[in-house]
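Asker: This is the structure I want to talk about, given as structure tokens.
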Amino acid sequence: MTDVVRPGGVSRRTFIKGVVAAGAVASSAGYLLRTTLVGQGGGASAGAVERLITLNVNGRDRRVDIMPQETLAMTLRYKLGLTGTKIGCDRAECGACTVLLDEVPRYSCSVLTHMARKKRIMTIEGLASADGTLHPIQQGVVEEQGFQCAFCMPGFVMAAVGFLKTHPNPTRDELAHGVSGNLCRCQDYDKILTALSRGAELMRRG
Amino acid sequence: MANKLVGQNYTTPDLVAKVTGRAKYAEDFRAEGMLFAKLLLSQRPHARVTRIDTAEALAMPGVKAILTADDLPSVVEGANLGEGITASSISERGLTMEPLYVGEPILAVAAVDELTATEAIEKIRIEYEALPFVVDPLESLRPGSPNARTQGNVWVRPAPAPPAPGAKPAPPPQPRVQEWKWTEADFAAAGEGQLPLGKTPDEWSYGDVEAALAKADLVLDETFVGANTSHQPLETRSAMAYWQNGKLYMHCSTQSVMRTIGSVARWVGIDAKDVVIISEYTGGGFGSKGSGYVFTVIPALLSKKTNAPVMMRITREDEQYIGRARPALHSRVRAGFRKDGKLLALDGLAICDNGPYDVVGDSRSAGDHISLACQPEAMRWRMITVLTNTPPRGAQRAPGGMQGNSLMAPLLAKAARKLGIDEVALHRINAPEGKASFGAPNAQGRRPYVTSAFVKQAIDKGAELFKWDERKARSGKREGSKVRGVGMALSCYSAGSMGFDGLIVIKPDGRLAVQSGIGNLGTESVFDVHRVAAEVVGVPWEKVDITWGNTSKNVPNTCGQGGSQTTHAMTRAAHAAGMDAVTKLQKIAAQTLGGKPENYEVANERVFRKGGGSGMSLADAARRAIELGGIYDGHELPSTINAFTTTSATALAGQGLMGVARDAYGRDGSSKSYVAGFAEVEVDVETGAYRVIDYVAVADVGTVIHPRSLGGQICGGIILGLGHAIGQKWVYDKRYGAPVARRFYQTKPPSILDVPRMQWAALDIPDPETPVGARGVGEAPVGAGFGAVVNALAAAVGDEIFRRAPVTADVILAALEAGKPMHDPLTANV
């Protein structure tokens, strides 16, 4: 499928504003966060020019209009309705937005959507089977009542799934290192590790 | 109760939605025509806005509205706003023309998308007139120093007027801000690194402190400087608002659901009956999301102004500014011990770094909880709450209690070493027991007391699980560059309110509908407490349907999810509603099958004659209740329940057998919970780096309702405290009044690699003053998390290493090299 490129570009200034914190004012970065439901006229920014691309998300090709500076987290949440991917910091500090790109855990807040073309994107919504059977890691979480507020949970689960693809039989310490790019503020990390370890065990059993 | 449910693990009804990403938090909601709001934040620590030019911004396509302080509801000084709140013109309103800290919102823009809103913000020109500012509370007490507000620098509560003869004493007067300075002599009298002891506007005492200090075998005089710490919930406090038929619908990140209605109504300036709160999932709060404030009023008013739904997505940096923080307490304590470790007297002074707005109670709470945890025979506690031009503070998990622990834990451990007695023995001899007293005496000279305390048992159990004696033997011994240390701490905190309502309906299909007004912030109390109702009416958990997260769905009057209230308050309410249903079931059985109501009992989905014989299913009884109507199905309601509950129950009338009641159970004493914590650390004396190796916590929190969520609260609370010990703090540039630590990486909460292997236990001894025996647990563990870790550090490297928190590697290394504490002893926010 060929991407449809719309005319118009984006100034460097607008690009930076969209990706890096706007330092000139004491506010932070702006994004084009128009919902698909909004019927109003276009925004004022040159950066509002979108182009239609194809993303492979959870095994399906999805056609989506994106901005040049748009991050994958924003596209997933605001364009594709996949709100299971959470934004905790928007600057690669907390891991709440972790998704798999070609089976590798990545912070989707720090991946430009354009860079995710031709990659297989897996989000928390794509983990369970179509019939609703939970992924073993999800099952481990359910069995151990892992996590509390669970805002960090999708990121942790995706990080664990990605890590276990390359380290199927980790020790507890190795698993902790594998998910150490994710923060939890409810902070019963011990129970999180127990839940993820239980999930790893279920994965090994097949 | 047979306890088939209470005390057992189970899978909470929200877990699969959470783990599959279907759970919707505030920012996951979308509405037709939704606009986005962005905040313009002050770049000045204190200034007057003299001019705002919005013309260029408003001319941008896609910009829909700008909200300024002029659009906020007006303040009627002294008006009673309900829930104990009195209107004040110096309170925070959400937007301001006199910003009092860097990051305070001045105005907000609504536009079709965030990029347009952000660009509009950049096109707005603001002119400021600079005003004096101060970011260090001690600095603001120096003679001639700046005040954070034009009204002054200290919160003072005037003494109540003496009541007229025969009249009831008037309510305490509202606190006010006034100028309050210490003298040059006060500062000169303090030794190096010691906090000056100037006059304070507030103090309480009992016993003869000076006499008790005079007869003490050991007197310590310790200064401890605390840190301001942001709550940093992983979900920022986003909110989406829209209006429909005159009602405000607010999707917001809040700890409490039913209890958020009143605050949103107050801030927006509308009637509480016109507010609907929707919050099925909240990504943590830790006290900072107790109810609605700045982050709810702005989208609500912008939505009204634009006649469109408005989402305000709060960024991590916005969160640092408007997201609240625990106030630092800077303290100096003199403590006198008998040679067996008994604390004879304590004389303390605490400066609370309040931030610019409404007074926080952390200094008072610190004194209360110190007096409870350590039971000094005589105590004086002096408090001064100083305003600074830094973001507003709020309650953070064990407000005051945690800071009390942080100043007392190192002192107690040091006393044990000086006296040559075991640290655990010292805690044990001072531990509260039974109906232990705490805090300030009342007007009649009587001190409040707790419902129960089994702390000595918790200490003993913890010492055994931790193998204290074994580990202590190797504590302080160096191996290569490494040295280990062990420490313990005891913390306690408030653990429950009372007087709320329960509302359940047994449906004709035999299922139990439970109405829950409790917030789902991760504690799981939103489900856990209702296990009590199911247990009482004998319905298996699989047949319980809980409605939660939406105040338009007929929920009862509910406590706020803060202050560790919920497990205590709402198990009582659930029990009351369950018992009301049981009484009605017994009456229906007697009417239908003969005999007296008391001849019947309820269990296993049936009401039946005691000792066997005839009975009926709950499903049949529910059908019968609908036929009977009246009190049975909710058409007649008790007069004792709250008006909010009455409205909800009326909407549910006729659906089945209704259990609805106010918790009218008695209570003798204040409910408090306790945690004994034990930590082992390993310090590398060549680098100052350390890690916490093991942690054991034993909780005295009454009956265990749900072991796994209890463990989550205990361990999570411990780690929140550990974060304060190992690294979290605000840092301010004093010259510009600007924050340096604004994001996770600059004031980083503990990661999974900072956390030791943890073990927890609970005594599971029922509290005698509540029908289910359960108390709250959210806050009690935090101080023990902090205290045990810093005490273990001191055991490893010595008592003369740190006098402030957090204790970082550079603090340890510099002190070890110099042989004395090297960090700036008294400056805040460094």
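Each chain in the structure tokens gets a letter, A, B, ..., in the order shown, and its residues are numbered from 1; ligands are numbered from 1 in order too.
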Could you write out as a CSV table (one decimal) with N, CA and C atoms, in the first residue's frame the residues of chain B within 7 Å of chain A, counting only C-alpha atoms?
Answerer:
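What landed in out.csv:
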```csv
chain,number,residue,atom,x,y,z
B,11,THR,N,-10.2,-12.5,43.2
B,11,THR,CA,-9.9,-11.6,42.1
B,11,THR,C,-10.9,-10.5,42.0
B,15,LEU,N,-10.0,-6.3,37.6
B,15,LEU,CA,-8.7,-6.7,37.3
B,15,LEU,C,-8.5,-7.0,35.8
B,16,VAL,N,-9.4,-7.8,35.3
B,16,VAL,CA,-9.3,-8.2,33.8
B,16,VAL,C,-9.4,-6.9,32.9
B,18,LYS,N,-8.4,-4.0,33.7
B,18,LYS,CA,-7.1,-3.3,33.9
B,18,LYS,C,-6.0,-4.0,33.0
B,19,VAL,N,-6.0,-5.3,33.1
B,19,VAL,CA,-4.8,-6.0,32.5
B,19,VAL,C,-5.0,-6.2,31.0
B,20,THR,N,-6.2,-5.9,30.4
B,20,THR,CA,-6.4,-5.9,29.0
B,20,THR,C,-6.5,-4.5,28.4
B,21,GLY,N,-6.3,-3.5,29.2
B,21,GLY,CA,-6.3,-2.1,28.7
B,21,GLY,C,-7.7,-1.6,28.5
B,22,ARG,N,-8.7,-2.3,28.9
B,22,ARG,CA,-10.1,-1.8,28.7
B,22,ARG,C,-10.5,-0.8,29.7
B,28,ASP,N,-8.9,8.8,29.1
B,28,ASP,CA,-9.3,7.8,28.1
B,28,ASP,C,-10.7,8.1,27.5
B,32,GLU,N,-18.1,13.9,21.8
B,32,GLU,CA,-18.4,14.5,20.5
B,32,GLU,C,-18.1,16.0,20.7
B,33,GLY,N,-17.2,16.5,19.8
B,33,GLY,CA,-16.9,17.9,19.7
B,33,GLY,C,-15.9,18.4,20.8
B,34,MET,N,-15.2,17.4,21.4
B,34,MET,CA,-14.4,17.7,22.5
B,34,MET,C,-13.2,18.7,22.2
B,39,LEU,N,-2.8,25.2,29.9
B,39,LEU,CA,-2.6,26.3,30.9
B,39,LEU,C,-1.5,27.2,30.5
B,40,LEU,N,-1.7,28.5,30.8
B,40,LEU,CA,-0.5,29.4,30.8
B,40,LEU,C,-0.1,29.5,32.2
B,41,LEU,N,1.2,29.1,32.5
B,41,LEU,CA,1.7,29.1,33.9
B,41,LEU,C,2.6,30.2,34.1
B,42,SER,N,2.6,30.7,35.4
B,42,SER,CA,3.4,31.8,35.7
B,42,SER,C,4.9,31.5,35.7
B,43,GLN,N,5.7,32.4,35.1
B,43,GLN,CA,7.1,32.2,35.2
B,43,GLN,C,7.8,32.9,36.3
B,60,MET,N,-6.6,33.4,16.3
B,60,MET,CA,-6.2,32.1,15.6
B,60,MET,C,-7.4,31.2,15.3
B,61,PRO,N,-7.4,30.7,14.1
B,61,PRO,CA,-8.5,29.7,13.8
B,61,PRO,C,-8.3,28.5,14.8
B,62,GLY,N,-9.4,28.0,15.3
B,62,GLY,CA,-9.4,26.9,16.2
B,62,GLY,C,-9.3,27.2,17.6
B,103,GLY,N,4.8,28.5,38.0
B,103,GLY,CA,4.0,27.4,37.5
B,103,GLY,C,2.5,27.5,37.9
B,112,VAL,N,-9.3,23.6,19.4
B,112,VAL,CA,-9.8,22.3,18.8
B,112,VAL,C,-8.8,21.2,19.0
B,113,ASP,N,-7.5,21.6,19.2
B,113,ASP,CA,-6.5,20.5,19.5
B,113,ASP,C,-5.4,21.1,20.4
B,114,GLU,N,-4.6,20.3,20.9
B,114,GLU,CA,-3.6,20.7,21.9
B,114,GLU,C,-2.6,21.6,21.2
B,115,LEU,N,-2.2,21.3,20.0
B,115,LEU,CA,-1.2,22.1,19.3
B,115,LEU,C,-1.6,23.5,19.1
B,116,THR,N,-2.9,23.7,18.7
B,116,THR,CA,-3.4,25.0,18.6
B,116,THR,C,-3.5,25.7,19.9
B,118,THR,N,-1.6,25.2,22.5
B,118,THR,CA,-0.2,25.6,22.9
B,118,THR,C,0.3,26.8,22.1
B,122,GLU,N,1.4,30.7,23.5
B,122,GLU,CA,2.7,31.4,23.1
B,122,GLU,C,2.4,32.8,22.6
B,233,PRO,N,1.7,10.8,41.3
B,233,PRO,CA,0.9,9.6,40.8
B,233,PRO,C,1.3,9.4,39.3
B,234,LEU,N,1.2,8.1,38.9
B,234,LEU,CA,1.7,7.8,37.5
B,234,LEU,C,0.7,8.4,36.5
B,235,GLU,N,-0.6,8.5,36.9
B,235,GLU,CA,-1.6,9.2,36.1
B,235,GLU,C,-1.6,10.6,36.6
B,236,THR,N,-1.4,11.6,35.7
B,236,THR,CA,-1.6,13.0,36.0
B,236,THR,C,-3.0,13.2,36.2
B,282,THR,N,-8.7,5.3,38.8
B,282,THR,CA,-7.8,6.4,39.0
B,282,THR,C,-6.4,5.9,39.2
B,283,GLY,N,-5.5,6.5,38.5
B,283,GLY,CA,-4.1,6.0,38.5
B,283,GLY,C,-3.3,6.5,39.6
B,284,GLY,N,-3.7,6.3,40.8
B,284,GLY,CA,-3.0,6.6,42.0
B,284,GLY,C,-3.3,8.0,42.4
B,315,THR,N,0.1,17.6,31.9
B,315,THR,CA,1.4,17.0,31.5
B,315,THR,C,2.2,16.8,32.8
B,316,ARG,N,3.3,16.1,32.7
B,316,ARG,CA,4.1,15.7,33.9
B,316,ARG,C,4.6,17.0,34.6
B,317,GLU,N,4.9,18.0,33.8
B,317,GLU,CA,5.4,19.3,34.4
B,317,GLU,C,4.3,20.1,35.0
B,521,LEU,N,-8.9,3.8,43.4
B,521,LEU,CA,-7.5,4.4,43.2
B,521,LEU,C,-6.4,3.4,43.4
B,522,GLY,N,-6.8,2.1,43.4
B,522,GLY,CA,-5.8,1.1,43.5
B,522,GLY,C,-5.7,0.3,44.9
B,523,THR,N,-6.4,0.8,45.8
B,523,THR,CA,-6.4,0.2,47.1
B,523,THR,C,-7.3,-1.0,47.2
B,708,ARG,N,-4.2,-9.8,49.9
B,708,ARG,CA,-3.4,-9.3,48.9
B,708,ARG,C,-3.4,-7.8,48.8
B,712,GLY,N,-0.4,-5.1,49.5
B,712,GLY,CA,-0.1,-4.1,48.5
B,712,GLY,C,0.0,-2.7,49.2
B,715,CYS,N,3.2,-2.8,51.6
B,715,CYS,CA,4.5,-2.8,50.9
B,715,CYS,C,4.6,-1.5,50.1
B,716,GLY,N,3.5,-1.1,49.5
B,716,GLY,CA,3.5,0.2,48.7
B,716,GLY,C,3.8,1.4,49.6
B,719,ILE,N,7.4,1.5,50.6
B,719,ILE,CA,8.3,2.0,49.5
B,719,ILE,C,8.1,3.5,49.3
B,744,PHE,N,10.2,13.2,36.8
B,744,PHE,CA,10.6,11.9,37.4
B,744,PHE,C,12.2,11.8,37.6
B,745,TYR,N,12.9,12.2,36.5
B,745,TYR,CA,14.3,11.9,36.5
B,745,TYR,C,15.1,12.9,37.5
B,751,SER,N,12.6,2.8,41.8
B,751,SER,CA,12.3,1.9,40.7
B,751,SER,C,12.3,0.4,41.3
B,752,ILE,N,12.0,-0.5,40.4
B,752,ILE,CA,12.0,-1.9,40.9
B,752,ILE,C,13.3,-2.3,41.3
B,753,LEU,N,14.4,-1.7,40.9
B,753,LEU,CA,15.8,-2.1,41.3
B,753,LEU,C,16.2,-1.5,42.6
B,757,ARG,N,13.8,-7.2,48.7
B,757,ARG,CA,12.9,-8.3,48.9
B,757,ARG,C,12.0,-8.0,50.1
B,758,MET,N,10.7,-8.1,50.0
B,758,MET,CA,9.9,-7.7,51.1
B,758,MET,C,9.1,-8.8,51.7
```
Asker: Contacts of B:Ser279 at 8 Å or less, counting only C-alpha atoms, minus same-chain residues fewer than 4 places along, as a PyMOL selection string?
Answerer: chain B and resi 25-26+251-254+257+519-520+549-550
Asker: Once you have the residues from the selection above, write them out as a compact mmCIF listing (two decimals), in the first residue's frame, restricted to N, CA and C atoms.
Answerer:
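Output (selection-v2.txt):
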```txt
# COMPACT_ATOMS: atom_id res chain seq x y z
N TYR B 25 -9.45 5.35 32.30
CA TYR B 25 -9.08 6.40 33.24
C TYR B 25 -9.55 7.74 32.64
N ALA B 26 -9.42 8.82 33.40
CA ALA B 26 -10.05 10.08 33.00
C ALA B 26 -9.71 10.50 31.57
N HIS B 251 -15.53 13.83 34.18
CA HIS B 251 -14.69 12.63 34.16
C HIS B 251 -13.34 13.06 34.71
N CYS B 252 -13.01 12.65 35.91
CA CYS B 252 -11.76 13.17 36.46
C CYS B 252 -11.01 12.11 37.26
N SER B 253 -9.73 12.38 37.38
CA SER B 253 -8.85 11.48 38.12
C SER B 253 -8.95 11.85 39.60
N THR B 254 -9.76 11.10 40.32
CA THR B 254 -9.96 11.43 41.73
C THR B 254 -9.90 10.17 42.58
N VAL B 257 -15.05 9.16 44.90
CA VAL B 257 -16.05 9.40 43.86
C VAL B 257 -17.21 10.21 44.45
N GLY B 519 -13.98 5.44 45.66
CA GLY B 519 -13.11 5.60 44.50
C GLY B 519 -12.22 4.38 44.29
N ASN B 520 -11.86 4.15 43.02
CA ASN B 520 -11.01 3.00 42.68
C ASN B 520 -9.61 3.51 42.36
N GLY B 549 -18.07 4.00 40.62
CA GLY B 549 -17.39 4.91 39.70
C GLY B 549 -18.26 5.94 39.02
N ASN B 550 -19.51 6.12 39.46
CA ASN B 550 -20.38 7.09 38.79
C ASN B 550 -21.45 7.52 39.78
```
Asker: Neighbouring residues of stretch 155-172 of chain B were defined as those with any atom within 9 Å, considering only C-alpha atoms; residues of the same chain fewer than 5 positions away were excluded. Please report them as a PyMOL selection string.
Answerer: chain B and resi 177-180+201-202+354+358-359+384-387
Asker: Would you put the residues from that selection into a file with N, CA and C atoms, as a short mmCIF file (atom, residue, chain, number, x, y, z; two decimals), in the first residue's frame?
Answerer:
```
data_model
loop_
_atom_site.label_atom_id
_atom_site.label_comp_id
_atom_site.auth_asym_id
_atom_site.auth_seq_id
_atom_site.Cartn_x
_atom_site.Cartn_y
_atom_site.Cartn_z
N VAL B 177 -3.40 34.85 57.72
CA VAL B 177 -1.99 35.03 57.38
C VAL B 177 -1.52 36.37 57.95
N GLN B 178 -0.41 36.37 58.64
CA GLN B 178 0.14 37.63 59.13
C GLN B 178 1.67 37.56 59.11
N GLU B 179 2.29 38.71 59.27
CA GLU B 179 3.75 38.69 59.32
C GLU B 179 4.22 38.19 60.68
N TRP B 180 5.25 37.36 60.66
CA TRP B 180 5.76 36.74 61.89
C TRP B 180 7.26 36.53 61.68
N PRO B 201 3.35 30.41 66.74
CA PRO B 201 1.96 30.80 67.01
C PRO B 201 1.12 29.68 67.62
N ASP B 202 1.63 28.49 67.65
CA ASP B 202 0.80 27.36 68.06
C ASP B 202 1.65 26.39 68.88
N ASN B 354 4.63 25.52 54.09
CA ASN B 354 3.23 25.39 53.70
C ASN B 354 2.96 25.61 52.21
N ASP B 358 -3.79 27.58 51.29
CA ASP B 358 -4.46 27.21 52.53
C ASP B 358 -3.57 26.37 53.46
N VAL B 359 -3.82 26.54 54.73
CA VAL B 359 -2.95 25.97 55.75
C VAL B 359 -3.04 24.45 55.74
N ILE B 384 4.99 26.07 63.73
CA ILE B 384 4.86 27.30 62.94
C ILE B 384 4.76 26.90 61.47
N THR B 385 3.73 27.40 60.82
CA THR B 385 3.46 27.02 59.43
C THR B 385 3.70 28.24 58.56
N VAL B 386 4.78 28.16 57.76
CA VAL B 386 5.30 29.32 57.05
C VAL B 386 4.94 29.23 55.56
N LEU B 387 4.51 30.34 55.00
CA LEU B 387 4.17 30.36 53.58
C LEU B 387 5.42 30.59 52.73
#
```
Asker: List the spatial neighbours of stretch 481-489 of chain B as a PyMOL selection string - criterion: any atom at most 8 Å away, only C-alpha atoms, same-chain residues fewer than 6 positions off excluded.
Answerer: chain B and resi 409+413+423-424+427+468+471-472+474-475+676-686+783-785+787-797
Asker: Could you list, as a ChimeraX atom specification, every residue within 9 Å of stretch 578-581 of chain B, counting only C-alpha atoms and ignoring same-chain residues fewer than 6 positions away?
Answerer: /B:502-506,532-537,632,657-661
Asker: So that I can check the surroundings of B:Pro45, please list as a list in words every protein, DNA and RNA residue that reaches within 8 Å of it, counting only C-alpha atoms and ignoring chain neighbours fewer than 4 positions away.
Answerer: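 These residues fall inside the cut-off: Pro99, Leu100, Tyr101, Val102, Phe133, Asn389, Thr390, Tyr736, Gly737 and Ala738 of chain B.
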Asker: How about saving the chosen residues, C-alpha atoms kept, as a compact mmCIF listing (two decimals), in the first residue's frame?
Answerer:
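Saved file again18.txt follows:
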```txt
# COMPACT_ATOMS: atom_id res chain seq x y z
CA PRO B 99 0.71 34.27 40.86
CA LEU B 100 2.32 33.01 44.06
CA TYR B 101 4.69 30.42 42.62
CA VAL B 102 6.47 29.54 39.40
CA PHE B 133 9.27 36.12 47.11
CA ASN B 389 6.36 30.85 46.95
CA THR B 390 6.36 27.21 45.97
CA TYR B 736 15.00 33.10 40.86
CA GLY B 737 12.52 31.17 42.98
CA ALA B 738 12.43 28.55 40.25
```
